[in-house]
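Below is the file query33.cif, which contains mmCIF, C-alpha atoms.
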data_entry
loop_
_atom_site.label_atom_id
_atom_site.label_comp_id
_atom_site.auth_asym_id
_atom_site.auth_seq_id
_atom_site.Cartn_x
_atom_site.Cartn_y
_atom_site.Cartn_z
CA MET Z 249 -75.20 -25.63 170.45
CA ARG Z 250 -72.86 -24.36 173.16
CA GLY Z 251 -73.17 -20.82 171.85
CA ARG Z 252 -76.96 -21.04 171.84
CA ALA Z 253 -77.00 -22.50 175.36
CA ALA Z 254 -74.67 -19.76 176.60
CA ALA Z 255 -76.87 -17.08 175.03
CA CYS Z 256 -79.94 -18.61 176.62
CA SER Z 257 -78.18 -18.77 179.99
CA GLU Z 258 -77.09 -15.13 179.64
CA LYS Z 259 -80.68 -14.09 178.86
CA VAL Z 260 -82.03 -15.89 181.93
CA SER Z 261 -79.29 -14.28 184.03
CA ARG Z 262 -80.18 -10.81 182.78
CA LEU Z 263 -83.85 -11.43 183.53
CA SER Z 264 -83.14 -12.72 187.01
CA ASP Z 265 -80.95 -9.70 187.75
CA LYS Z 266 -83.87 -7.37 187.20
CA PRO Z 267 -85.94 -6.37 190.23
CA TYR Z 268 -89.54 -7.50 190.46
CA LEU Z 269 -92.92 -5.85 190.74
CA LEU Z 270 -96.34 -7.31 191.48
CA PHE Z 271 -99.15 -6.16 189.16
CA SER Z 272 -102.74 -6.54 190.28
CA THR Z 273 -106.26 -5.22 190.57
CA PRO Z 274 -108.02 -4.47 193.88
CA ARG Z 275 -109.18 -7.45 195.95
CA SER Z 276 -107.39 -9.97 193.73
CA GLY Z 277 -105.44 -11.53 196.61
CA SER Z 278 -102.54 -9.16 196.04
CA ASN Z 279 -101.97 -8.42 199.75
CA LEU Z 280 -101.46 -12.12 200.43
CA VAL Z 281 -99.12 -12.59 197.48
CA TYR Z 282 -97.23 -9.36 198.14
CA ASP Z 283 -96.58 -10.22 201.78
CA VAL Z 284 -95.08 -13.61 200.89
CA LEU Z 285 -93.02 -12.20 198.01
CA GLU Z 286 -91.76 -9.27 200.08
CA GLN Z 287 -90.44 -11.66 202.73
CA TYR Z 288 -88.92 -13.93 200.08
CA PHE Z 289 -87.18 -11.13 198.15
CA LYS Z 290 -85.78 -9.55 201.31
CA SER Z 291 -84.14 -12.81 202.42
CA ALA Z 292 -83.24 -14.27 199.02
CA ARG Z 293 -82.45 -11.22 196.87
CA GLY Z 294 -82.01 -8.30 199.26
CA PHE Z 295 -84.83 -6.29 197.65
CA ILE Z 296 -86.62 -3.87 199.98
CA GLY Z 297 -90.43 -3.84 199.81
CA LEU Z 298 -92.16 -0.52 199.17
CA GLY Z 299 -95.76 -1.75 199.40
CA GLU Z 300 -98.29 -0.12 197.09
CA TYR Z 301 -95.70 2.40 196.02
CA PHE Z 302 -97.62 4.53 193.52
CA THR Z 303 -100.55 5.47 195.74
CA HIS Z 304 -100.52 8.36 198.19
CA VAL Z 305 -103.06 6.63 200.44
CA TYR Z 306 -100.97 4.24 202.52
CA GLN Z 307 -97.59 5.89 203.01
CA SER Z 308 -95.35 8.79 202.12
CA PHE Z 309 -91.80 8.52 200.74
CA TRP Z 310 -88.76 10.74 200.60
CA ASP Z 311 -85.21 10.51 199.27
CA THR Z 312 -82.53 10.37 201.98
CA GLY Z 313 -79.70 10.63 199.47
CA ASN Z 314 -78.84 6.97 200.06
CA GLY Z 315 -82.22 5.45 199.25
CA LEU Z 316 -85.89 5.82 200.05
CA ALA Z 317 -87.42 6.23 203.48
CA SER Z 318 -91.12 6.01 204.19
CA SER Z 319 -93.74 6.78 206.79
CA VAL Z 320 -96.54 4.20 206.85
CA PHE Z 321 -99.99 5.35 207.86
CA PRO Z 322 -101.64 3.17 210.58
CA SER Z 323 -103.56 0.46 208.71
CA GLU Z 324 -106.70 0.78 210.82
CA ARG Z 325 -106.96 4.47 209.93
CA VAL Z 326 -106.29 4.26 206.20
CA ARG Z 327 -108.96 6.03 204.19
CA HIS Z 328 -109.19 6.78 200.51
CA VAL Z 329 -108.97 10.56 200.15
CA GLN Z 330 -109.66 12.28 196.86
CA VAL Z 331 -106.88 14.62 195.70
CA ALA Z 332 -106.51 16.79 192.65
CA GLY Z 333 -105.40 14.86 189.59
CA SER Z 334 -102.41 17.16 189.02
CA TYR Z 335 -101.17 16.55 192.57
CA PHE Z 336 -101.53 12.80 192.23
CA GLU Z 337 -99.68 12.85 188.90
CA ALA Z 338 -96.84 14.87 190.45
CA ILE Z 339 -96.49 12.21 193.16
CA ARG Z 340 -96.35 9.44 190.55
CA ARG Z 341 -93.72 11.25 188.44
CA GLN Z 342 -91.52 11.81 191.48
CA ARG Z 343 -91.80 8.23 192.66
CA LEU Z 344 -90.97 6.91 189.19
CA ALA Z 345 -87.87 9.15 189.15
CA TRP Z 346 -86.76 7.64 192.50
CA LEU Z 347 -87.18 4.12 191.10
CA LYS Z 348 -84.90 5.06 188.22
CA LYS Z 349 -82.34 6.60 190.58
CA TYR Z 350 -82.27 3.55 192.87
CA HIS Z 351 -83.11 0.91 190.31
CA GLY Z 352 -82.53 -2.66 191.43
CA ARG Z 353 -83.08 -2.12 195.13
CA TYR Z 354 -86.84 -2.29 195.60
CA PHE Z 355 -89.88 -4.54 195.17
CA PHE Z 356 -93.38 -3.04 195.07
CA LYS Z 357 -96.98 -3.61 194.15
CA LEU Z 358 -98.59 -1.80 191.21
CA THR Z 359 -102.36 -1.69 190.77
CA ALA Z 360 -103.95 -1.07 187.37
CA LEU Z 361 -104.53 2.65 186.62
CA GLN Z 362 -102.11 3.79 189.34
CA VAL Z 363 -99.64 5.17 186.82
CA SER Z 364 -100.10 6.98 183.54
CA GLY Z 365 -99.49 5.31 180.21
CA GLU Z 366 -96.12 7.00 179.72
CA SER Z 367 -94.72 5.20 182.79
CA TYR Z 368 -95.40 1.68 181.54
CA PRO Z 369 -92.68 1.30 178.87
CA TRP Z 370 -89.87 1.89 181.37
CA LEU Z 371 -91.44 -0.37 183.99
CA ILE Z 372 -92.00 -3.13 181.43
CA GLU Z 373 -88.42 -2.90 180.18
CA ASN Z 374 -86.72 -2.78 183.56
CA TYR Z 375 -88.72 -5.12 185.80
CA ASN Z 376 -89.73 -8.74 185.95
CA TRP Z 377 -93.52 -8.69 186.27
CA ILE Z 378 -95.50 -11.04 188.49
CA LEU Z 379 -99.27 -10.86 188.08
CA ILE Z 380 -102.03 -11.90 190.46
CA GLU Z 381 -105.61 -12.21 189.25
CA ARG Z 382 -108.89 -13.86 190.17
CA ARG Z 383 -110.68 -16.51 188.15
CA ASN Z 384 -113.96 -15.55 189.84
CA LEU Z 385 -114.40 -11.90 188.84
CA PHE Z 386 -117.83 -11.67 190.46
CA ASP Z 387 -116.47 -12.59 193.89
CA GLN Z 388 -113.65 -10.10 193.38
CA LEU Z 389 -116.18 -7.40 192.48
CA LEU Z 390 -118.11 -8.10 195.69
CA SER Z 391 -114.96 -7.67 197.77
CA TYR Z 392 -114.19 -4.43 195.95
CA LEU Z 393 -117.69 -3.03 196.47
CA ILE Z 394 -117.50 -3.84 200.19
CA SER Z 395 -114.24 -1.96 200.64
CA VAL Z 396 -115.33 1.02 198.56
CA GLU Z 397 -118.58 1.42 200.48
CA LEU Z 398 -116.82 1.01 203.84
CA ASN Z 399 -113.97 3.25 202.68
CA ARG Z 400 -111.71 0.67 204.34
CA TRP Z 401 -109.40 -1.88 202.74
CA TYR Z 402 -107.75 -3.63 205.61
CA GLY Z 403 -108.49 -4.68 209.19
CA SER Z 404 -106.15 -6.60 211.47
CA GLY Z 405 -108.95 -9.11 212.09
CA GLY Z 406 -110.71 -8.73 208.73
CA LEU Z 407 -113.27 -6.07 207.81
CA GLY Z 408 -116.00 -7.54 210.03
CA VAL Z 409 -118.94 -6.50 207.85
CA THR Z 410 -122.48 -6.82 209.25
CA PRO Z 411 -124.91 -8.72 206.96
CA GLY Z 412 -127.28 -6.45 205.05
CA SER Z 413 -125.18 -3.33 205.69
CA ILE Z 414 -123.63 -2.65 202.25
CA THR Z 415 -125.45 -1.00 199.36
CA ALA Z 416 -123.66 -1.44 196.04
CA ARG Z 417 -123.64 1.38 193.49
CA PRO Z 418 -123.19 0.98 189.72
CA GLU Z 419 -120.57 3.73 189.47
CA HIS Z 420 -118.25 1.78 191.75
CA ALA Z 421 -118.73 -1.34 189.65
CA ASP Z 422 -117.87 0.77 186.58
CA ALA Z 423 -114.61 1.90 188.22
CA PHE Z 424 -113.75 -1.72 189.00
CA THR Z 425 -114.46 -2.72 185.40
CA ARG Z 426 -112.10 -0.03 184.09
CA MET Z 427 -109.32 -1.38 186.29
CA ILE Z 428 -109.90 -4.96 185.11
CA LEU Z 429 -109.81 -3.86 181.46
CA GLU Z 430 -106.62 -1.84 182.02
CA TYR Z 431 -105.03 -4.81 183.78
CA ARG Z 432 -105.83 -7.05 180.82
CA ARG Z 433 -104.53 -4.45 178.37
CA ILE Z 434 -101.17 -4.23 180.13
CA LYS Z 435 -101.03 -8.00 180.59
CA ALA Z 436 -101.29 -8.38 176.80
CA GLU Z 437 -98.21 -6.15 176.35
CA LEU Z 438 -96.01 -8.23 178.64
CA GLN Z 439 -93.80 -11.02 177.35
CA ASP Z 440 -94.41 -14.24 179.26
CA PRO Z 441 -95.06 -12.79 182.74
CA ALA Z 442 -95.54 -15.07 185.73
CA VAL Z 443 -99.33 -15.12 186.23
CA LEU Z 444 -100.72 -16.29 189.57
CA VAL Z 445 -104.43 -17.13 189.88
CA TYR Z 446 -105.76 -16.63 193.39
CA GLU Z 447 -107.89 -19.76 193.36
CA ASP Z 448 -104.79 -21.81 192.51
CA VAL Z 449 -102.67 -20.03 195.13
CA VAL Z 450 -105.00 -20.94 198.01
CA ALA Z 451 -105.54 -24.54 196.85
CA GLY Z 452 -102.80 -26.05 198.97
CA PRO Z 453 -99.70 -24.73 200.75
CA ILE Z 454 -100.01 -21.02 200.00
CA ALA Z 455 -96.43 -19.80 200.27
CA GLU Z 456 -95.08 -22.74 198.27
CA ASN Z 457 -97.73 -22.20 195.59
CA ILE Z 458 -96.89 -18.50 195.33
CA LEU Z 459 -93.17 -19.10 194.86
CA ARG Z 460 -93.73 -21.96 192.41
CA LEU Z 461 -96.23 -20.04 190.27
CA ALA Z 462 -94.03 -16.95 190.39
CA ARG Z 463 -91.15 -19.10 189.05
CA LEU Z 464 -88.93 -18.31 192.01
CA ASP Z 465 -86.31 -20.59 193.48
CA ASN Z 466 -87.44 -22.08 196.77
CA SER Z 467 -84.94 -24.92 196.75
CA ALA Z 468 -83.51 -23.84 200.11
CA GLY Z 469 -86.91 -24.48 201.70
CA GLY Z 470 -87.47 -24.17 205.41
CA ARG Z 471 -88.76 -20.62 205.19
CA SER Z 472 -91.62 -19.54 207.41
CA PHE Z 473 -93.91 -16.82 206.04
CA ARG Z 474 -96.32 -14.54 207.88
CA MET Z 475 -99.80 -14.48 206.31
CA PRO Z 476 -102.21 -11.51 206.39
CA PRO Z 477 -105.76 -12.17 207.70
CA LYS Z 478 -108.60 -12.84 205.27
CA GLN Z 479 -110.65 -9.66 204.96
CA ASN Z 480 -114.09 -10.95 203.89
CA PRO Z 481 -116.16 -14.13 204.36
CA GLU Z 482 -116.57 -16.63 201.54
CA ASN Z 483 -120.28 -15.86 201.10
CA LYS Z 484 -120.45 -12.12 200.47
CA LEU Z 485 -123.86 -11.54 198.87
CA PRO Z 486 -125.72 -11.58 202.23
CA LEU Z 487 -123.65 -8.55 203.24
CA PHE Z 488 -125.52 -6.41 200.66
CA THR Z 489 -128.88 -4.70 200.99
CA ASN Z 490 -129.43 -5.09 197.23
CA PRO Z 491 -128.01 -8.51 196.23
CA ASP Z 492 -130.27 -8.95 193.20
CA GLU Z 493 -129.16 -5.57 191.86
CA VAL Z 494 -125.53 -6.55 192.41
CA LEU Z 495 -126.05 -9.65 190.26
CA LYS Z 496 -127.66 -7.59 187.51
CA ILE Z 497 -124.90 -4.97 187.65
CA TYR Z 498 -122.37 -7.68 186.89
CA GLU Z 499 -124.51 -9.41 184.28
CA THR Z 500 -124.92 -6.18 182.28
CA SER Z 501 -121.24 -5.14 182.48
CA ALA Z 502 -118.19 -5.94 180.38
CA LEU Z 503 -117.10 -8.24 183.20
CA ASN Z 504 -119.79 -10.71 182.17
CA GLU Z 505 -118.16 -10.98 178.73
CA LEU Z 506 -114.80 -11.77 180.32
CA VAL Z 507 -116.16 -14.28 182.83
CA PRO Z 508 -119.89 -15.10 182.58
CA LEU Z 509 -121.82 -14.66 185.80
CA ASN Z 510 -123.07 -18.23 185.98
CA ALA Z 511 -119.47 -19.46 185.77
CA CYS Z 512 -118.86 -17.57 189.03
CA LEU Z 513 -121.90 -18.85 190.94
CA SER Z 514 -122.43 -22.12 192.71
CA ARG Z 515 -126.00 -22.18 191.33
CA PRO Z 516 -127.56 -20.62 188.21
CA PHE Z 517 -128.97 -17.10 188.19
CA ASP Z 518 -132.18 -16.63 186.20
CA GLY Z 519 -131.77 -12.87 185.66
CA ARG Z 520 -134.52 -11.84 188.07
CA THR Z 521 -133.85 -13.23 191.52
CA LEU Z 522 -131.28 -14.89 193.70
CA ARG Z 523 -133.30 -18.08 193.61
CA ALA Z 524 -132.24 -20.68 191.11
CA PRO Z 525 -134.71 -21.19 188.24
CA PRO Z 526 -137.26 -23.96 188.82
CA ALA Z 527 -136.38 -27.39 187.56
CA PRO Z 528 -138.12 -28.30 184.28
CA VAL Z 529 -141.32 -30.31 184.70
#

Structure translated into structure tokens:
Amino acid sequence: MRGRAAACSEKVSRLSDKPYLLFSTPRSGSNLVYDVLEQYFKSARGFIGLGEYFTHVYQSFWDTGNGLASSVFPSERVRHVQVAGSYFEAIRRQRLAWLKKYHGRYFFKLTALQVSGESYPWLIENYNWILIERRNLFDQLLSYLISVELNRWYGSGGLGVTPGSITARPEHADAFTRMILEYRRIKAELQDPAVLVYEDVVAGPIAENILRLARLDNSAGGRSFRMPPKQNPENKLPLFTNPDEVLKIYETSALNELVPLNACLSRPFDGRTLRAPPAPV
């Protein structure tokens, strides 16, 4: 028994010695979770946060010889810029090489489809994975469509969208669906990851919920965490010029097989209009 207990303890120790990454899809609540975890890991483990490390959009990195330095682009000016696939892949390969060189020093966020398939085995082997996902995929899709159409993902006071100003397009919903499916594929390859559900995170004291669900020790307590602002209102459909089409886009996608549309709505959708179907006579 002692030998088995010691082996178990050694396994837990090895796992806890690994650095952590946060795996997510866009608009899943990952900014909120990342911000709390980054503050926790810096104070409790000494890990340095790299943000959304594998994208070229938010910041640039370089090797100083003693670690990584970065230049963060001003958040209010961040725009998604299309670059050649070969250039983007070169960035990802270089950044993966830096993680290997300085392994154990950094915490970062990884979004589905940000790295190629050949990068996953090393990341899975050498990191503890924390996942954040949404139970309400339809609401997540709405948030994604808003940011894609605005070409803006963050505002210091929220995105401030005017009602009836966003027109959703099916090709953007298709891109979102691909990311959700890739997220679920990778999730299935992981062994017992810590999975946080956004709706559970915000149902109570947020920071405490994040640390508890992420299986992290918060026994010291007394920590104060900064929280990022909420980017979109709770009721997002009125922000769209084509809300009925948005509902049908979801209903006819693979997302509807994962989480049925009516499970995401506060009232039933009859397939034709926003109005709930008439009550039976």

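Going from CA of Thr273 in chain Z to CA of Arg343 in chain Z covers 19.9 Å.
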
- Nearest to Gly412 in chain Z, restricted to all atoms listed in the file and choosing among Z:Gly315, Z:Pro486, Z:Pro441, Z:Pro369, comes out as Z:Pro486

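The space separating CA of Leu509 in chain Z from CA of Asp387 in chain Z comes to 9.9 Å.
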
- Residues matched by the PyMOL selection byres ((chain Z and resi 276-283) around 9) as an NGL selection string: :Z and (270-275 or 284-288 or 297 or 299 or 356-357 or 379-382 or 385 or 388 or 391 or 444-446 or 449 or 454-455 or 458 or 473-478)

- Atom pair CA of Arg340 in chain Z + CA of Ser395 in chain Z, distance 23.5 Å

- Message: I'd like the neighbourhood of Thr410 in chain Z as a ChimeraX atom specification, where a residue qualifies if any of its atoms comes within 10 Å (using all atoms listed in the file), though same-chain residues fewer than 4 positions away should be ignored.
- Response: /Z:414,486-488

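Among the candidates Z:Ile296, Z:Ala416, Z:Leu506, Z:Ala345, the one nearest to Leu398 in chain Z when counting all atoms listed in the file is Z:Ala416.
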
Decode the PyMOL selection byres ((chain Z and resi 344) around 10) for the given file into explicit residues and return them as a PDB file with C-alpha atoms, in the coordinates of the input.
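Result file is part-v4.pdb:
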ATOM      1  CA  TYR Z 301     -95.700   2.400 196.020  1.00  0.00           C
ATOM      2  CA  PHE Z 302     -97.620   4.530 193.520  1.00  0.00           C
ATOM      3  CA  ALA Z 338     -96.840  14.870 190.450  1.00  0.00           C
ATOM      4  CA  ILE Z 339     -96.490  12.210 193.160  1.00  0.00           C
ATOM      5  CA  ARG Z 340     -96.350   9.440 190.550  1.00  0.00           C
ATOM      6  CA  ARG Z 341     -93.720  11.250 188.440  1.00  0.00           C
ATOM      7  CA  GLN Z 342     -91.520  11.810 191.480  1.00  0.00           C
ATOM      8  CA  ARG Z 343     -91.800   8.230 192.660  1.00  0.00           C
ATOM      9  CA  ALA Z 345     -87.870   9.150 189.150  1.00  0.00           C
ATOM     10  CA  TRP Z 346     -86.760   7.640 192.500  1.00  0.00           C
ATOM     11  CA  LEU Z 347     -87.180   4.120 191.100  1.00  0.00           C
ATOM     12  CA  LYS Z 348     -84.900   5.060 188.220  1.00  0.00           C
ATOM     13  CA  LYS Z 349     -82.340   6.600 190.580  1.00  0.00           C
ATOM     14  CA  HIS Z 351     -83.110   0.910 190.310  1.00  0.00           C
ATOM     15  CA  VAL Z 363     -99.640   5.170 186.820  1.00  0.00           C
ATOM     16  CA  SER Z 367     -94.720   5.200 182.790  1.00  0.00           C
ATOM     17  CA  TRP Z 370     -89.870   1.890 181.370  1.00  0.00           C
ATOM     18  CA  LEU Z 371     -91.440  -0.370 183.990  1.00  0.00           C
TER      19      LEU Z 371
END

- To verify the selection step, state as a list in words which residues the PyMOL selection byres ((chain Z and resi 352) around 9) yields on this input. Asp265, Lys266, Pro267, Tyr268, Phe295, Leu347, Lys348, Tyr350, His351, Arg353, Tyr354, Phe355, Asn374 and Tyr375 of chain Z

Using only C-alpha atoms, which residues of range 281-395 of chain Z come within 9 Å of range 426-437 of chain Z, and what is the closest atom pair for each, with the distance in Å to one decimal? Give it as a Markdown table, sorted by chain and residue number.
| residue | atom | partner | partner_atom | distance |
| --- | --- | --- | --- | --- |
| Z:Thr359 | CA | Z:Tyr431 | CA | 8.1 |
| Z:Ala360 | CA | Z:Tyr431 | CA | 5.3 |
| Z:Leu361 | CA | Z:Met427 | CA | 6.3 |
| Z:Tyr368 | CA | Z:Ile434 | CA | 8.4 |
| Z:Ile372 | CA | Z:Glu437 | CA | 8.6 |
| Z:Leu379 | CA | Z:Lys435 | CA | 8.2 |

- Among listed residues Z:Thr303, Z:Thr415, Z:Asn314, Z:Asn376, nearest Pro491 in chain Z (using only C-alpha atoms): Z:Thr415

Go ahead and fit an axis-aligned box to every listed atom of range 443-449 of chain Z plus 3 Å each side, and pass me the centre and edge lengths in Å, one decimal, as JSON.
{"center_x": -103.6, "center_y": -18.5, "center_z": 190.7, "size_x": 14.6, "size_y": 12.7, "size_z": 14.9}

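Residue nearest Arg463 in chain Z within the list Z:Trp377, Z:Ala451, Z:Asn384, Z:Leu485: Z:Trp377 [criterion: smallest interatomic distance, only C-alpha atoms].
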
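Counting only C-alpha atoms and comparing Z:Ala423, Z:Leu464, Z:Leu298, Z:Val443, the residue that lies closest to Val320 in chain Z is Z:Leu298.
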
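If you measure from each of Z:Thr425, Z:Gln439, Z:Asn504, Z:Asn399 to Val305 in chain Z using all atoms listed in the file, the closest one turns out to be Z:Asn399.
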